[in-house]
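Data from my_file-v4.cif: mmCIF, C-alpha atoms; chains and numbers go by the auth columns
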data_start
#
loop_
_atom_site.group_PDB
_atom_site.id
_atom_site.type_symbol
_atom_site.label_atom_id
_atom_site.label_comp_id
_atom_site.label_asym_id
_atom_site.label_seq_id
_atom_site.Cartn_x
_atom_site.Cartn_y
_atom_site.Cartn_z
_atom_site.B_iso_or_equiv
_atom_site.auth_seq_id
_atom_site.auth_asym_id
ATOM 1 C CA MET A 1 -3.288 -6.806 13.113 0.00 1 A
ATOM 2 C CA GLU A 2 -6.856 -7.789 12.426 0.00 2 A
ATOM 3 C CA LYS A 3 -7.430 -9.309 8.989 0.00 3 A
ATOM 4 C CA ARG A 4 -10.351 -6.986 8.133 0.00 4 A
ATOM 5 C CA ALA A 5 -8.079 -3.928 8.238 0.00 5 A
ATOM 6 C CA MET A 6 -5.687 -5.555 5.764 0.00 6 A
ATOM 7 C CA ASP A 7 -8.483 -6.175 3.227 0.00 7 A
ATOM 8 C CA ARG A 8 -8.416 -2.457 2.426 0.00 8 A
ATOM 9 C CA ILE A 9 -5.018 -2.643 0.737 0.00 9 A
ATOM 10 C CA LYS A 10 -3.850 -5.252 -1.763 0.00 10 A
ATOM 11 C CA LYS A 11 -0.694 -5.833 -3.822 0.00 11 A
ATOM 12 C CA GLY A 12 -0.655 -3.651 -6.931 0.00 12 A
ATOM 13 C CA ASP A 13 -2.913 -0.929 -5.468 0.00 13 A
ATOM 14 C CA THR A 14 -1.898 2.703 -5.631 0.00 14 A
ATOM 15 C CA VAL A 15 -1.897 4.174 -2.122 0.00 15 A
ATOM 16 C CA GLU A 16 -1.317 7.569 -0.512 0.00 16 A
ATOM 17 C CA VAL A 17 0.597 8.084 2.741 0.00 17 A
ATOM 18 C CA LEU A 18 -1.536 9.906 5.333 0.00 18 A
ATOM 19 C CA THR A 19 1.003 10.592 8.103 0.00 19 A
ATOM 20 C CA GLY A 20 4.724 10.830 8.768 0.00 20 A
ATOM 21 C CA LYS A 21 7.694 12.180 6.851 0.00 21 A
ATOM 22 C CA ASN A 22 6.348 10.780 3.561 0.00 22 A
ATOM 23 C CA ARG A 23 2.893 12.349 3.945 0.00 23 A
ATOM 24 C CA GLY A 24 1.181 13.020 0.604 0.00 24 A
ATOM 25 C CA LYS A 25 3.390 10.662 -1.421 0.00 25 A
ATOM 26 C CA GLN A 26 1.722 8.103 -3.646 0.00 26 A
ATOM 27 C CA GLY A 27 3.107 4.773 -4.750 0.00 27 A
ATOM 28 C CA GLN A 28 2.249 1.253 -5.753 0.00 28 A
ATOM 29 C CA VAL A 29 2.044 -1.553 -3.174 0.00 29 A
ATOM 30 C CA LEU A 30 4.877 -4.054 -3.678 0.00 30 A
ATOM 31 C CA ARG A 31 4.087 -6.406 -0.808 0.00 31 A
ATOM 32 C CA VAL A 32 1.566 -6.763 2.037 0.00 32 A
ATOM 33 C CA LEU A 33 2.839 -8.196 5.330 0.00 33 A
ATOM 34 C CA ASN A 34 -0.449 -9.392 6.860 0.00 34 A
ATOM 35 C CA LYS A 35 0.830 -10.750 10.174 0.00 35 A
ATOM 36 C CA LYS A 36 2.697 -7.535 10.997 0.00 36 A
ATOM 37 C CA GLY A 37 0.026 -5.215 9.577 0.00 37 A
ATOM 38 C CA ARG A 38 2.576 -3.472 7.399 0.00 38 A
ATOM 39 C CA VAL A 39 2.963 -2.702 3.702 0.00 39 A
ATOM 40 C CA LEU A 40 5.921 -2.106 1.329 0.00 40 A
ATOM 41 C CA VAL A 41 5.213 0.824 -1.003 0.00 41 A
ATOM 42 C CA GLU A 42 7.342 1.654 -4.050 0.00 42 A
ATOM 43 C CA ARG A 43 9.710 4.651 -3.493 0.00 43 A
ATOM 44 C CA VAL A 44 8.157 5.486 -0.080 0.00 44 A
ATOM 45 C CA ASN A 45 9.913 5.277 3.322 0.00 45 A
ATOM 46 C CA MET A 46 13.354 4.755 1.757 0.00 46 A
ATOM 47 C CA ILE A 47 16.199 3.614 4.043 0.00 47 A
ATOM 48 C CA LYS A 48 19.922 3.051 3.493 0.00 48 A
ATOM 49 C CA ARG A 49 21.505 -0.302 4.292 0.00 49 A
ATOM 50 C CA HIS A 50 25.226 -1.075 4.420 0.00 50 A
ATOM 51 C CA GLN A 51 25.674 -4.332 2.535 0.00 51 A
ATOM 52 C CA LYS A 52 28.672 -6.650 2.440 0.00 52 A
ATOM 53 C CA PRO A 53 29.790 -7.822 -0.983 0.00 53 A
ATOM 54 C CA THR A 54 28.757 -11.350 -1.950 0.00 54 A
ATOM 55 C CA GLN A 55 29.594 -13.530 -4.935 0.00 55 A
ATOM 56 C CA THR A 56 26.517 -12.268 -6.788 0.00 56 A
ATOM 57 C CA SER A 57 26.266 -8.619 -5.706 0.00 57 A
ATOM 58 C CA GLN A 58 28.631 -5.749 -5.105 0.00 58 A
ATOM 59 C CA GLY A 59 28.802 -4.295 -1.601 0.00 59 A
ATOM 60 C CA GLY A 60 28.146 -0.709 -0.569 0.00 60 A
ATOM 61 C CA ILE A 61 25.290 1.465 0.611 0.00 61 A
ATOM 62 C CA VAL A 62 21.990 0.196 -0.799 0.00 62 A
ATOM 63 C CA GLU A 63 18.791 2.212 -0.735 0.00 63 A
ATOM 64 C CA LYS A 64 15.558 0.249 -0.360 0.00 64 A
ATOM 65 C CA GLU A 65 11.968 0.568 0.833 0.00 65 A
ATOM 66 C CA ALA A 66 11.066 -0.075 4.457 0.00 66 A
ATOM 67 C CA SER A 67 7.607 -1.218 5.472 0.00 67 A
ATOM 68 C CA ILE A 68 5.000 1.288 6.637 0.00 68 A
ATOM 69 C CA ASN A 69 2.014 0.650 8.896 0.00 69 A
ATOM 70 C CA ALA A 70 -1.157 -0.092 6.922 0.00 70 A
ATOM 71 C CA SER A 71 -3.176 2.336 9.062 0.00 71 A
ATOM 72 C CA ASN A 72 -1.069 5.207 7.660 0.00 72 A
ATOM 73 C CA LEU A 73 -2.124 4.449 4.073 0.00 73 A
ATOM 74 C CA ALA A 74 -5.260 5.116 2.046 0.00 74 A
ATOM 75 C CA PRO A 75 -6.081 3.527 -1.317 0.00 75 A
ATOM 76 C CA VAL A 76 -6.198 6.016 -4.212 0.00 76 A
ATOM 77 C CA CYS A 77 -9.444 6.152 -6.183 0.00 77 A
ATOM 78 C CA GLY A 78 -8.973 6.218 -9.969 0.00 78 A
ATOM 79 C CA LYS A 79 -11.703 8.827 -10.367 0.00 79 A
ATOM 80 C CA CYS A 80 -10.959 11.089 -7.353 0.00 80 A
ATOM 81 C CA LYS A 81 -7.126 10.807 -7.824 0.00 81 A
ATOM 82 C CA LYS A 82 -6.497 10.961 -4.055 0.00 82 A
ATOM 83 C CA GLY A 83 -6.547 8.757 -0.970 0.00 83 A
ATOM 84 C CA VAL A 84 -10.093 7.819 0.028 0.00 84 A
ATOM 85 C CA ARG A 85 -11.978 5.707 2.525 0.00 85 A
ATOM 86 C CA ILE A 86 -13.371 2.525 1.053 0.00 86 A
ATOM 87 C CA GLY A 87 -16.456 0.408 1.556 0.00 87 A
ATOM 88 C CA VAL A 88 -17.474 -3.040 0.393 0.00 88 A
ATOM 89 C CA LYS A 89 -20.261 -3.631 -2.116 0.00 89 A
ATOM 90 C CA LEU A 90 -21.854 -7.032 -2.719 0.00 90 A
ATOM 91 C CA HIS A 91 -22.616 -7.999 -6.343 0.00 91 A
ATOM 92 C CA ASP A 92 -25.576 -10.174 -7.345 0.00 92 A
ATOM 93 C CA ASP A 93 -23.304 -13.173 -7.942 0.00 93 A
ATOM 94 C CA GLY A 94 -22.009 -12.942 -4.334 0.00 94 A
ATOM 95 C CA THR A 95 -18.602 -11.370 -4.990 0.00 95 A
ATOM 96 C CA LYS A 96 -17.370 -8.552 -2.775 0.00 96 A
ATOM 97 C CA VAL A 97 -15.899 -5.437 -4.383 0.00 97 A
ATOM 98 C CA ARG A 98 -14.082 -2.503 -2.789 0.00 98 A
ATOM 99 C CA VAL A 99 -15.680 0.862 -3.633 0.00 99 A
ATOM 100 C CA CYS A 100 -14.775 4.516 -3.037 0.00 100 A
ATOM 101 C CA LYS A 101 -17.003 6.050 -0.347 0.00 101 A
ATOM 102 C CA LYS A 102 -16.851 9.458 -2.034 0.00 102 A
ATOM 103 C CA CYS A 103 -17.828 8.694 -5.639 0.00 103 A
ATOM 104 C CA GLY A 104 -18.872 5.025 -5.611 0.00 104 A
ATOM 105 C CA GLU A 105 -16.157 4.012 -8.116 0.00 105 A
ATOM 106 C CA GLU A 106 -15.099 0.327 -7.914 0.00 106 A
ATOM 107 C CA LEU A 107 -11.441 -0.180 -6.946 0.00 107 A
ATOM 108 C CA ASP A 108 -11.347 -3.859 -7.981 0.00 108 A
ATOM 109 C CA LYS A 109 -11.330 -4.229 -11.766 0.00 109 A
#
Would you give me this structure, written as structure tokens?
Amino acid sequence: MEKRAMDRIKKGDTVEVLTGKNRGKQGQVLRVLNKKGRVLVERVNMIKRHQKPTQTSQGGIVEKEASINASNLAPVCGKCKKGVRIGVKLHDDGTKVRVCKKCGEELDK
């Protein structure tokens, strides 16, 4: 996936799922997989894995998050409290900041 599309979502952001069985759910980004264009979101897209016991962990059915395509996610604006489109604003010192297109609120603090 193109790098520019992945700049929308960063680790620690709160995002909303736009499509699929988890539509409308919000969660925090745990990990961004840039090369695959996918994102791991906390408590979203849960799957069950059958795991063999090891010396450190007990075996059984483990529930964990599966990755979701970044195009199916929208960052949540702190002011609007829902998934929004974002733009990039350039500060005087040359730093780029992500902003909400609806209200103009900065997403990077």
Next on the checklist: What's the separation between atom CA of Lys48 of chain A and atom CA of Leu33 of chain A, in Å to one decimal place?
Outcome noted: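 Going from atom CA of Lys48 of chain A over to atom CA of Leu33 of chain A covers 20.5 Å.
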Next on the checklist: Taking 6 positions as the minimum chain separation for residues in the same chain, which residues sit within 10 Å of Gln26 of chain A when counting all atoms listed in the file? Answer as a list in words.
Outcome noted: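 The contact residues come out as Thr14, Val15, Glu16, Val17, Leu18, Val41, Glu42, Arg43, Val44, Leu73, Ala74, Pro75, Val76, Lys82 and Gly83 of chain A.
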Checklist entry - If you measure from atom CA of Arg49 of chain A to atom CA of Val62 of chain A, what distance in Å do you get, rounded to one decimal? => result 5.1 Å
Next on the checklist: If we count all atoms listed in the file and set the cut-off at 10 Å, which residues sit around Gly20 of chain A, ignoring sequence neighbours fewer than 2 positions away in its own chain? Please answer as number ranges by chain.
Outcome noted: A: 17-18, 22-24, 45, 68, 72
Checklist entry - Nearest to Asn34 of chain A among A:His91, A:Met46, A:Asp7, A:Gly60, with distances taken over all atoms listed in the file: which residue is it? => result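 Closest to Asn34 of chain A of all the choices is A:Asp7.
Of the residues under consideration (A:Thr56, A:Thr95, A:Thr19, A:Asn69), A:Asn69 shows the shortest atom-to-atom contact distance to Val39 of chain A when counting all atoms listed in the file.
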Some atoms are missing, so please complete segment 62-87 of chain A with N, CA and C atoms and return it as a CSV table (one decimal), keeping the file's coordinate frame.
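Okay, this is what ended up in out.csv:
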chain,number,residue,atom,x,y,z
A,62,VAL,N,23.1,0.5,0.0
A,62,VAL,CA,22.0,0.2,-0.8
A,62,VAL,C,20.8,0.9,-0.3
A,63,GLU,N,20.0,1.5,-1.1
A,63,GLU,CA,18.8,2.2,-0.7
A,63,GLU,C,17.6,1.3,-1.1
A,64,LYS,N,16.7,1.1,-0.1
A,64,LYS,CA,15.6,0.2,-0.4
A,64,LYS,C,14.4,0.7,0.5
A,65,GLU,N,13.2,0.2,0.1
A,65,GLU,CA,12.0,0.6,0.8
A,65,GLU,C,11.9,-0.2,2.2
A,66,ALA,N,11.4,0.5,3.2
A,66,ALA,CA,11.1,-0.1,4.5
A,66,ALA,C,9.5,-0.2,4.5
A,67,SER,N,9.1,-1.1,5.4
A,67,SER,CA,7.6,-1.2,5.5
A,67,SER,C,7.0,0.0,6.2
A,68,ILE,N,5.7,0.2,6.0
A,68,ILE,CA,5.0,1.3,6.6
A,68,ILE,C,3.7,0.7,7.2
A,69,ASN,N,3.2,1.2,8.3
A,69,ASN,CA,2.0,0.6,8.9
A,69,ASN,C,0.8,0.9,8.0
A,70,ALA,N,0.0,-0.1,7.8
A,70,ALA,CA,-1.2,-0.1,6.9
A,70,ALA,C,-2.2,1.0,7.3
A,71,SER,N,-2.2,1.3,8.6
A,71,SER,CA,-3.2,2.3,9.1
A,71,SER,C,-2.8,3.7,8.6
A,72,ASN,N,-1.5,3.9,8.1
A,72,ASN,CA,-1.1,5.2,7.7
A,72,ASN,C,-1.2,5.4,6.2
A,73,LEU,N,-1.9,4.4,5.5
A,73,LEU,CA,-2.1,4.4,4.1
A,73,LEU,C,-3.6,4.5,3.7
A,74,ALA,N,-3.9,5.1,2.6
A,74,ALA,CA,-5.3,5.1,2.0
A,74,ALA,C,-5.2,4.8,0.6
A,75,PRO,N,-6.1,3.9,0.1
A,75,PRO,CA,-6.1,3.5,-1.3
A,75,PRO,C,-6.5,4.7,-2.1
A,76,VAL,N,-5.9,4.9,-3.3
A,76,VAL,CA,-6.2,6.0,-4.2
A,76,VAL,C,-7.3,5.6,-5.2
A,77,CYS,N,-8.3,6.4,-5.3
A,77,CYS,CA,-9.4,6.2,-6.2
A,77,CYS,C,-9.0,6.6,-7.6
A,78,GLY,N,-9.3,5.9,-8.6
A,78,GLY,CA,-9.0,6.2,-10.0
A,78,GLY,C,-9.7,7.5,-10.5
A,79,LYS,N,-10.9,7.7,-9.9
A,79,LYS,CA,-11.7,8.8,-10.4
A,79,LYS,C,-11.4,10.1,-9.6
A,80,CYS,N,-11.2,9.9,-8.2
A,80,CYS,CA,-11.0,11.1,-7.4
A,80,CYS,C,-9.5,11.5,-7.4
A,81,LYS,N,-8.6,10.6,-7.7
A,81,LYS,CA,-7.1,10.8,-7.8
A,81,LYS,C,-6.5,11.2,-6.5
A,82,LYS,N,-7.1,10.7,-5.4
A,82,LYS,CA,-6.5,11.0,-4.1
A,82,LYS,C,-6.9,9.8,-3.1
A,83,GLY,N,-6.3,9.8,-1.9
A,83,GLY,CA,-6.5,8.8,-1.0
A,83,GLY,C,-8.0,8.9,-0.4
A,84,VAL,N,-8.7,7.8,-0.4
A,84,VAL,CA,-10.1,7.8,0.0
A,84,VAL,C,-10.4,6.7,1.0
A,85,ARG,N,-11.5,6.8,1.7
A,85,ARG,CA,-12.0,5.7,2.5
A,85,ARG,C,-12.7,4.8,1.6
A,86,ILE,N,-12.7,3.5,1.9
A,86,ILE,CA,-13.4,2.5,1.1
A,86,ILE,C,-14.4,1.7,1.8
A,87,GLY,N,-15.4,1.3,1.0
A,87,GLY,CA,-16.5,0.4,1.6
A,87,GLY,C,-16.5,-0.9,0.7
